[in-house]
>>> print(open('start-v9.pdb').read())   # PDB, C-alpha atoms and all ligand atoms
ATOM      1  CA  MET A 129      18.030 -72.902-156.183
ATOM      2  CA  GLN A 130      15.900 -73.362-159.276
ATOM      3  CA  LEU A 131      16.874 -72.211-162.750
ATOM      4  CA  TYR A 132      14.147 -71.692-165.373
ATOM      5  CA  TYR A 133      15.758 -72.585-168.654
ATOM      6  CA  SER A 134      15.352 -73.339-172.318
ATOM      7  CA  PRO A 135      17.930 -75.789-173.731
ATOM      8  CA  THR A 136      18.833 -73.661-176.772
ATOM      9  CA  SER A 137      18.967 -70.261-175.063
ATOM     10  CA  PRO A 138      22.493 -68.812-175.206
ATOM     11  CA  PHE A 139      21.686 -66.584-172.223
ATOM     12  CA  VAL A 140      20.827 -69.688-170.221
ATOM     13  CA  ARG A 141      24.027 -71.300-171.495
ATOM     14  CA  LYS A 142      26.078 -68.546-169.828
ATOM     15  CA  VAL A 143      24.493 -69.476-166.513
ATOM     16  CA  SER A 144      24.848 -73.223-167.130
ATOM     17  CA  VAL A 145      28.551 -72.901-167.942
ATOM     18  CA  LEU A 146      29.118 -70.828-164.803
ATOM     19  CA  ILE A 147      27.285 -73.451-162.716
ATOM     20  CA  LEU A 148      29.439 -76.250-164.125
ATOM     21  CA  GLU A 149      32.665 -74.279-163.780
ATOM     22  CA  THR A 150      31.935 -73.407-160.136
ATOM     23  CA  GLY A 151      30.375 -76.710-159.024
ATOM     24  CA  LEU A 152      27.180 -75.102-157.726
ATOM     25  CA  THR A 153      24.026 -77.228-157.412
ATOM     26  CA  VAL A 154      20.907 -75.845-159.117
ATOM     27  CA  ASP A 155      17.636 -77.573-160.048
ATOM     28  CA  ARG A 156      16.463 -76.939-163.601
ATOM     29  CA  ILE A 157      12.876 -76.202-164.679
ATOM     30  CA  PRO A 158      12.114 -76.104-168.413
ATOM     31  CA  ALA A 159      10.243 -73.101-169.837
ATOM     32  CA  ALA A 160       9.362 -72.043-173.372
ATOM     33  CA  GLY A 161       7.756 -69.005-174.982
ATOM     34  CA  THR A 162       8.209 -66.099-177.348
ATOM     35  CA  PRO A 163       7.207 -62.411-177.461
ATOM     36  CA  LEU A 164       4.040 -63.568-179.279
ATOM     37  CA  ASP A 165       3.061 -66.178-176.704
ATOM     38  CA  HIS A 166       4.718 -66.404-173.314
ATOM     39  CA  GLY A 167       3.740 -70.070-173.088
ATOM     40  CA  SER A 168       5.326 -71.641-169.994
ATOM     41  CA  MET A 169       7.727 -68.764-169.326
ATOM     42  CA  PRO A 170       7.811 -67.882-165.597
ATOM     43  CA  VAL A 171       6.013 -64.529-166.016
ATOM     44  CA  ALA A 172       5.022 -64.435-162.338
ATOM     45  CA  LEU A 173       8.734 -64.446-161.473
ATOM     46  CA  ASN A 174      10.056 -62.440-164.416
ATOM     47  CA  PRO A 175       7.426 -60.067-165.838
ATOM     48  CA  LEU A 176       9.539 -59.810-169.003
ATOM     49  CA  GLY A 177       8.672 -63.449-169.712
ATOM     50  CA  LYS A 178      12.248 -64.470-170.461
ATOM     51  CA  VAL A 179      14.730 -67.120-169.390
ATOM     52  CA  PRO A 180      17.022 -67.470-167.587
ATOM     53  CA  ALA A 181      15.336 -66.727-164.260
ATOM     54  CA  LEU A 182      16.714 -67.999-160.970
ATOM     55  CA  VAL A 183      14.954 -68.555-157.649
ATOM     56  CA  ASP A 184      16.945 -68.818-154.436
ATOM     57  CA  GLY A 185      14.657 -69.089-151.412
ATOM     58  CA  ASP A 186      12.490 -65.956-151.397
ATOM     59  CA  GLU A 187      14.602 -64.138-153.964
ATOM     60  CA  VAL A 188      14.223 -64.034-157.747
ATOM     61  CA  PHE A 189      17.006 -63.064-160.141
ATOM     62  CA  PHE A 190      16.999 -62.146-163.834
ATOM     63  CA  ASP A 191      18.541 -61.472-166.385
ATOM     64  CA  SER A 192      21.613 -63.594-167.183
ATOM     65  CA  ARG A 193      24.019 -60.836-166.192
ATOM     66  CA  VAL A 194      22.426 -60.457-162.779
ATOM     67  CA  ILE A 195      22.190 -64.223-162.281
ATOM     68  CA  CYS A 196      25.819 -64.773-163.246
ATOM     69  CA  ARG A 197      26.968 -61.995-160.932
ATOM     70  CA  TYR A 198      24.881 -63.456-158.104
ATOM     71  CA  LEU A 199      26.076 -67.042-158.596
ATOM     72  CA  ASP A 200      29.685 -65.930-158.912
ATOM     73  CA  HIS A 201      29.297 -64.109-155.595
ATOM     74  CA  LYS A 202      27.586 -67.107-154.012
ATOM     75  CA  ALA A 203      30.307 -69.510-155.185
ATOM     76  CA  GLY A 204      33.131 -67.099-154.344
ATOM     77  CA  ALA A 205      34.474 -67.907-157.792
ATOM     78  CA  GLY A 206      36.042 -64.541-158.642
ATOM     79  CA  LEU A 207      34.980 -64.669-162.289
ATOM     80  CA  TYR A 208      34.588 -60.873-162.365
ATOM     81  CA  ALA A 209      38.101 -60.225-161.072
ATOM     82  CA  PRO A 210      40.603 -58.685-161.310
ATOM     83  CA  ASP A 211      39.500 -56.264-164.072
ATOM     84  CA  THR A 212      35.800 -56.032-163.139
ATOM     85  CA  TRP A 213      34.912 -53.180-165.508
ATOM     86  CA  GLY A 214      36.744 -54.750-168.428
ATOM     87  CA  ILE A 215      35.044 -58.095-167.764
ATOM     88  CA  LEU A 216      31.615 -56.452-167.534
ATOM     89  CA  ARG A 217      32.307 -54.663-170.826
ATOM     90  CA  GLN A 218      33.207 -57.994-172.461
ATOM     91  CA  GLU A 219      30.011 -59.546-171.098
ATOM     92  CA  ALA A 220      27.965 -56.590-172.369
ATOM     93  CA  LEU A 221      29.547 -56.928-175.819
ATOM     94  CA  ALA A 222      28.800 -60.653-175.903
ATOM     95  CA  ASP A 223      25.223 -60.085-174.731
ATOM     96  CA  GLY A 224      24.812 -57.422-177.421
ATOM     97  CA  ILE A 225      25.883 -59.973-180.029
ATOM     98  CA  LEU A 226      23.327 -62.378-178.615
ATOM     99  CA  GLU A 227      20.515 -59.820-178.528
ATOM    100  CA  ALA A 228      21.083 -58.916-182.187
ATOM    101  CA  ALA A 229      21.452 -62.575-183.186
ATOM    102  CA  LEU A 230      18.238 -63.509-181.367
ATOM    103  CA  LEU A 231      16.321 -60.639-182.998
ATOM    104  CA  MET A 232      17.431 -61.989-186.382
ATOM    105  CA  VAL A 233      16.122 -65.434-185.447
ATOM    106  CA  TYR A 234      12.790 -64.029-184.220
ATOM    107  CA  GLU A 235      12.454 -61.938-187.386
ATOM    108  CA  GLY A 236      12.744 -65.042-189.541
ATOM    109  CA  ARG A 237      10.677 -67.274-187.311
ATOM    110  CA  LEU A 238       7.927 -65.097-185.831
ATOM    111  CA  ARG A 239       7.280 -62.268-188.297
ATOM    112  CA  PRO A 240       5.074 -63.007-191.331
ATOM    113  CA  GLU A 241       7.144 -62.953-194.516
ATOM    114  CA  SER A 242       5.264 -59.987-195.979
ATOM    115  CA  LEU A 243       6.243 -57.842-192.972
ATOM    116  CA  ARG A 244       9.947 -58.675-192.964
ATOM    117  CA  PHE A 245      12.454 -55.925-193.687
ATOM    118  CA  ALA A 246      15.843 -57.171-194.907
ATOM    119  CA  PRO A 247      17.801 -53.942-194.157
ATOM    120  CA  TRP A 248      16.777 -54.223-190.511
ATOM    121  CA  VAL A 249      18.131 -57.784-190.369
ATOM    122  CA  GLU A 250      21.357 -56.660-192.035
ATOM    123  CA  GLY A 251      21.578 -53.822-189.526
ATOM    124  CA  GLN A 252      21.513 -56.391-186.735
ATOM    125  CA  TRP A 253      24.252 -58.393-188.440
ATOM    126  CA  ALA A 254      26.311 -55.198-188.849
ATOM    127  CA  LYS A 255      26.251 -54.762-185.072
ATOM    128  CA  ILE A 256      27.448 -58.338-184.625
ATOM    129  CA  ALA A 257      30.164 -57.930-187.267
ATOM    130  CA  ARG A 258      31.520 -54.792-185.584
ATOM    131  CA  ALA A 259      31.545 -56.534-182.214
ATOM    132  CA  LEU A 260      33.369 -59.536-183.708
ATOM    133  CA  ASP A 261      35.931 -57.225-185.337
ATOM    134  CA  ALA A 262      36.539 -55.584-181.961
ATOM    135  CA  LEU A 263      37.097 -59.028-180.413
ATOM    136  CA  GLU A 264      39.406 -60.027-183.270
ATOM    137  CA  ALA A 265      41.507 -56.948-182.511
ATOM    138  CA  ALA A 266      41.637 -57.854-178.808
ATOM    139  CA  PRO A 267      40.833 -61.546-178.315
ATOM    140  CA  PRO A 268      40.129 -62.732-174.758
ATOM    141  CA  GLN A 269      43.149 -63.912-172.807
ATOM    142  CA  GLY A 270      44.246 -65.041-169.364
ATOM    143  CA  PRO A 271      42.484 -67.186-166.752
ATOM    144  CA  LEU A 272      38.756 -67.933-166.983
ATOM    145  CA  THR A 273      36.439 -64.940-166.469
ATOM    146  CA  MET A 274      32.739 -64.291-166.953
ATOM    147  CA  GLY A 275      33.647 -62.185-169.985
ATOM    148  CA  GLN A 276      35.198 -65.235-171.612
ATOM    149  CA  ILE A 277      32.202 -67.421-170.775
ATOM    150  CA  ALA A 278      29.836 -64.852-172.313
ATOM    151  CA  ILE A 279      31.957 -64.481-175.453
ATOM    152  CA  GLY A 280      32.261 -68.267-175.802
ATOM    153  CA  CYS A 281      28.476 -68.636-175.566
ATOM    154  CA  ALA A 282      27.908 -65.805-178.060
ATOM    155  CA  LEU A 283      30.236 -67.386-180.626
ATOM    156  CA  GLY A 284      28.607 -70.763-180.003
ATOM    157  CA  TYR A 285      25.206 -69.252-180.734
ATOM    158  CA  LEU A 286      26.458 -67.770-184.018
ATOM    159  CA  ASP A 287      27.615 -71.268-184.990
ATOM    160  CA  PHE A 288      24.247 -72.690-183.954
ATOM    161  CA  ARG A 289      21.900 -70.184-185.642
ATOM    162  CA  HIS A 290      23.960 -68.096-188.097
ATOM    163  CA  ASP A 291      26.545 -70.544-189.399
ATOM    164  CA  ALA A 292      25.974 -69.366-192.992
ATOM    165  CA  ARG A 293      27.426 -65.950-192.081
ATOM    166  CA  ALA A 294      30.841 -67.670-191.657
ATOM    167  CA  TRP A 295      32.083 -65.292-188.961
ATOM    168  CA  ARG A 296      35.449 -67.099-188.734
ATOM    169  CA  ALA A 297      36.457 -66.317-192.340
ATOM    170  CA  THR A 298      37.993 -62.919-191.578
ATOM    171  CA  ARG A 299      38.722 -63.391-187.867
ATOM    172  CA  PRO A 300      41.466 -66.019-187.413
ATOM    173  CA  GLN A 301      42.595 -64.931-183.950
ATOM    174  CA  LEU A 302      39.108 -65.050-182.507
ATOM    175  CA  ALA A 303      38.452 -68.365-184.283
ATOM    176  CA  ALA A 304      41.566 -69.871-182.664
ATOM    177  CA  TRP A 305      40.506 -68.654-179.247
ATOM    178  CA  ALA A 306      36.958 -69.988-179.785
ATOM    179  CA  GLU A 307      38.272 -73.427-180.703
ATOM    180  CA  GLY A 308      40.278 -73.690-177.499
ATOM    181  CA  PHE A 309      37.487 -72.328-175.337
ATOM    182  CA  ALA A 310      34.861 -74.644-176.850
ATOM    183  CA  ALA A 311      36.947 -77.611-175.683
ATOM    184  CA  ARG A 312      36.330 -76.825-172.010
ATOM    185  CA  PRO A 313      34.177 -79.586-170.441
ATOM    186  CA  ALA A 314      31.537 -77.036-169.352
ATOM    187  CA  MET A 315      31.232 -75.740-172.912
ATOM    188  CA  ARG A 316      31.089 -79.239-174.382
ATOM    189  CA  ALA A 317      28.376 -80.219-171.895
ATOM    190  CA  THR A 318      26.160 -77.283-172.910
ATOM    191  CA  VAL A 319      26.360 -77.279-176.716
ATOM    192  CA  PRO A 320      22.868 -76.370-178.048
ATOM    193  CA  THR A 321      21.216 -79.020-180.217
TER     194      THR A 321
HETATM  195  N1  LIG A 401      18.865 -59.885-171.457
HETATM  196  C1  LIG A 401      18.293 -61.179-171.165
HETATM  197  C2  LIG A 401      17.855 -61.832-172.462
HETATM  198  C3  LIG A 401      17.131 -63.147-172.212
HETATM  199  C4  LIG A 401      16.393 -63.617-173.461
HETATM  200  O1  LIG A 401      16.186 -62.876-174.437
HETATM  201  N2  LIG A 401      16.001 -64.891-173.440
HETATM  202  C5  LIG A 401      15.227 -65.433-174.537
HETATM  203  C6  LIG A 401      15.633 -66.860-174.816
HETATM  204  S1  LIG A 401      17.214 -66.904-175.598
HETATM  205  C7  LIG A 401      13.776 -65.424-174.145
HETATM  206  O2  LIG A 401      13.462 -65.758-173.030
HETATM  207  N3  LIG A 401      12.890 -65.042-175.081
HETATM  208  C8  LIG A 401      11.470 -65.005-174.851
HETATM  209  C9  LIG A 401      10.898 -63.650-175.136
HETATM  210  O3  LIG A 401      11.635 -62.710-175.503
HETATM  211  O4  LIG A 401       9.696 -63.518-175.004
HETATM  212  C10 LIG A 401      19.294 -62.031-170.395
HETATM  213  O5  LIG A 401      20.498 -61.732-170.448
HETATM  214  O6  LIG A 401      18.891 -62.972-169.694
END
>>> encode(input="start-v9.pdb", output="structure tokens")
Amino acid sequence: MQLYYSPTSPFVRKVSVLILETGLTVDRIPAAGTPLDHGSMPVALNPLGKVPALVDGDEVFFDSRVICRYLDHKAGAGLYAPDTWGILRQEALADGILEAALLMVYEGRLRPESLRFAPWVEGQWAKIARALDALEAAPPQGPLTMGQIAIGCALGYLDFRHDARAWRATRPQLAAWAEGFAARPAMRATVPT
């Protein structure tokens, strides 16, 4: 299998953590690009021009949710059990945090300053804040699941790109969970730099 990746992508990190946790073997191919220039993104494999994308023989998989589900199935890891719908909801919430957080990064990095619209950025952060409050009210628990991996990667990305927002300040339970989860070897091995 080959995984197209970018080292700082939190969506790729979900896949990388799953690979390490399950002991699967996957070759890694670097790719880089943005909505303005797809660069070396594997557009022939993923027309959306995004990573992660996974090739296994004749089959291509994207996005991270599909790849994680596929690799979990392939490894027989059971990371979507026993509460499959609850775990998928957690993964969707984490991915929603990541989508909003990434849009904020793109807004600051790709859009000319004169075209930026601060209320739109704050609207993205409001989505993230609501999602974090929901997680604070019901922090992840129990044995490792894909929901936990996704939430761990989402919180890690907030630390990486939106540290100034200090998400931990009003969310002690989630912060405590994040600290424990970040200590897992697979999380430590995939910290974005
Ligand atoms: N929903 C996708 C999101 C993937 C995504 O947005 N990846 C970013 C890197 S973090 C990307 O490839 N951006 C390039 C672009 O949007 O053109 C997934 O879960 O894989």
>>> residues_around(input="start-v9.pdb", residues="Glu227 in chain A", least_positions_apart="5", cutoff="9 Å", atoms="all atoms listed in the file", output="number ranges by chain")
A: 222, 232, 252
>>> residues_near_ligand(input="start-v9.pdb", ligand="ligand LIG 401 (chain A)", cutoff="9 Å", atoms="only C-alpha atoms and all ligand atoms", output="CSV table (one decimal) with C-alpha atoms, in the coordinates of the input")
chain,number,residue,atom,x,y,z
A,133,TYR,CA,15.8,-72.6,-168.7
A,134,SER,CA,15.4,-73.3,-172.3
A,136,THR,CA,18.8,-73.7,-176.8
A,137,SER,CA,19.0,-70.3,-175.1
A,138,PRO,CA,22.5,-68.8,-175.2
A,139,PHE,CA,21.7,-66.6,-172.2
A,140,VAL,CA,20.8,-69.7,-170.2
A,142,LYS,CA,26.1,-68.5,-169.8
A,159,ALA,CA,10.2,-73.1,-169.8
A,160,ALA,CA,9.4,-72.0,-173.4
A,161,GLY,CA,7.8,-69.0,-175.0
A,162,THR,CA,8.2,-66.1,-177.3
A,163,PRO,CA,7.2,-62.4,-177.5
A,164,LEU,CA,4.0,-63.6,-179.3
A,165,ASP,CA,3.1,-66.2,-176.7
A,166,HIS,CA,4.7,-66.4,-173.3
A,169,MET,CA,7.7,-68.8,-169.3
A,176,LEU,CA,9.5,-59.8,-169.0
A,177,GLY,CA,8.7,-63.4,-169.7
A,178,LYS,CA,12.2,-64.5,-170.5
A,179,VAL,CA,14.7,-67.1,-169.4
A,180,PRO,CA,17.0,-67.5,-167.6
A,181,ALA,CA,15.3,-66.7,-164.3
A,190,PHE,CA,17.0,-62.1,-163.8
A,191,ASP,CA,18.5,-61.5,-166.4
A,192,SER,CA,21.6,-63.6,-167.2
A,193,ARG,CA,24.0,-60.8,-166.2
A,194,VAL,CA,22.4,-60.5,-162.8
A,195,ILE,CA,22.2,-64.2,-162.3
A,223,ASP,CA,25.2,-60.1,-174.7
A,224,GLY,CA,24.8,-57.4,-177.4
A,226,LEU,CA,23.3,-62.4,-178.6
A,227,GLU,CA,20.5,-59.8,-178.5
A,230,LEU,CA,18.2,-63.5,-181.4
A,231,LEU,CA,16.3,-60.6,-183.0
A,234,TYR,CA,12.8,-64.0,-184.2
>>> resolve_selection(input="start-v9.pdb", expression="the PyMOL selection byres (((chain A and resi 152) around 12) and not hetatm)", output="PyMOL selection string")
chain A and resi 129-131+143-151+153-155+196+198-205
>>> write_last_selection(input="start-v9.pdb", atoms="C-alpha atoms", output="JSON list (two decimals), in the frame of the given file")
[["chain", "number", "residue", "atom", "x", "y", "z"],
["A", 129, "MET", "CA", 18.03, -72.90, -156.18],
["A", 130, "GLN", "CA", 15.90, -73.36, -159.28],
["A", 131, "LEU", "CA", 16.87, -72.21, -162.75],
["A", 143, "VAL", "CA", 24.49, -69.48, -166.51],
["A", 144, "SER", "CA", 24.85, -73.22, -167.13],
["A", 145, "VAL", "CA", 28.55, -72.90, -167.94],
["A", 146, "LEU", "CA", 29.12, -70.83, -164.80],
["A", 147, "ILE", "CA", 27.28, -73.45, -162.72],
["A", 148, "LEU", "CA", 29.44, -76.25, -164.12],
["A", 149, "GLU", "CA", 32.66, -74.28, -163.78],
["A", 150, "THR", "CA", 31.94, -73.41, -160.14],
["A", 151, "GLY", "CA", 30.38, -76.71, -159.02],
["A", 153, "THR", "CA", 24.03, -77.23, -157.41],
["A", 154, "VAL", "CA", 20.91, -75.84, -159.12],
["A", 155, "ASP", "CA", 17.64, -77.57, -160.05],
["A", 196, "CYS", "CA", 25.82, -64.77, -163.25],
["A", 198, "TYR", "CA", 24.88, -63.46, -158.10],
["A", 199, "LEU", "CA", 26.08, -67.04, -158.60],
["A", 200, "ASP", "CA", 29.68, -65.93, -158.91],
["A", 201, "HIS", "CA", 29.30, -64.11, -155.60],
["A", 202, "LYS", "CA", 27.59, -67.11, -154.01],
["A", 203, "ALA", "CA", 30.31, -69.51, -155.18],
["A", 204, "GLY", "CA", 33.13, -67.10, -154.34],
["A", 205, "ALA", "CA", 34.47, -67.91, -157.79]]
>>> closest_residue(input="start-v9.pdb", among="A:Ile256, A:Ala282, A:Ala265, A:Ala172", to="Pro320 in chain A", atoms="all atoms listed in the file")
A:Ala282
>>> resolve_selection(input="start-v9.pdb", expression="the PyMOL selection byres (((chain A and resi 279) around 12) and not hetatm)", output="compact mmCIF listing (two decimals) with C-alpha atoms, keeping the file's coordinate frame")
# COMPACT_ATOMS: atom_id res chain seq x y z
CA PRO A 138 22.49 -68.81 -175.21
CA PHE A 139 21.69 -66.58 -172.22
CA ARG A 141 24.03 -71.30 -171.50
CA LYS A 142 26.08 -68.55 -169.83
CA VAL A 145 28.55 -72.90 -167.94
CA ILE A 215 35.04 -58.10 -167.76
CA LEU A 216 31.62 -56.45 -167.53
CA ARG A 217 32.31 -54.66 -170.83
CA GLN A 218 33.21 -57.99 -172.46
CA GLU A 219 30.01 -59.55 -171.10
CA ALA A 220 27.96 -56.59 -172.37
CA LEU A 221 29.55 -56.93 -175.82
CA ALA A 222 28.80 -60.65 -175.90
CA ASP A 223 25.22 -60.08 -174.73
CA GLY A 224 24.81 -57.42 -177.42
CA ILE A 225 25.88 -59.97 -180.03
CA LEU A 226 23.33 -62.38 -178.62
CA ILE A 256 27.45 -58.34 -184.62
CA ALA A 259 31.54 -56.53 -182.21
CA LEU A 260 33.37 -59.54 -183.71
CA ALA A 262 36.54 -55.58 -181.96
CA LEU A 263 37.10 -59.03 -180.41
CA GLU A 264 39.41 -60.03 -183.27
CA PRO A 267 40.83 -61.55 -178.32
CA PRO A 268 40.13 -62.73 -174.76
CA GLN A 269 43.15 -63.91 -172.81
CA LEU A 272 38.76 -67.93 -166.98
CA THR A 273 36.44 -64.94 -166.47
CA MET A 274 32.74 -64.29 -166.95
CA GLY A 275 33.65 -62.18 -169.98
CA GLN A 276 35.20 -65.24 -171.61
CA ILE A 277 32.20 -67.42 -170.78
CA ALA A 278 29.84 -64.85 -172.31
CA GLY A 280 32.26 -68.27 -175.80
CA CYS A 281 28.48 -68.64 -175.57
CA ALA A 282 27.91 -65.81 -178.06
CA LEU A 283 30.24 -67.39 -180.63
CA GLY A 284 28.61 -70.76 -180.00
CA TYR A 285 25.21 -69.25 -180.73
CA LEU A 286 26.46 -67.77 -184.02
CA LEU A 302 39.11 -65.05 -182.51
CA ALA A 303 38.45 -68.36 -184.28
CA TRP A 305 40.51 -68.65 -179.25
CA ALA A 306 36.96 -69.99 -179.78
CA PHE A 309 37.49 -72.33 -175.34
CA ALA A 310 34.86 -74.64 -176.85
CA MET A 315 31.23 -75.74 -172.91
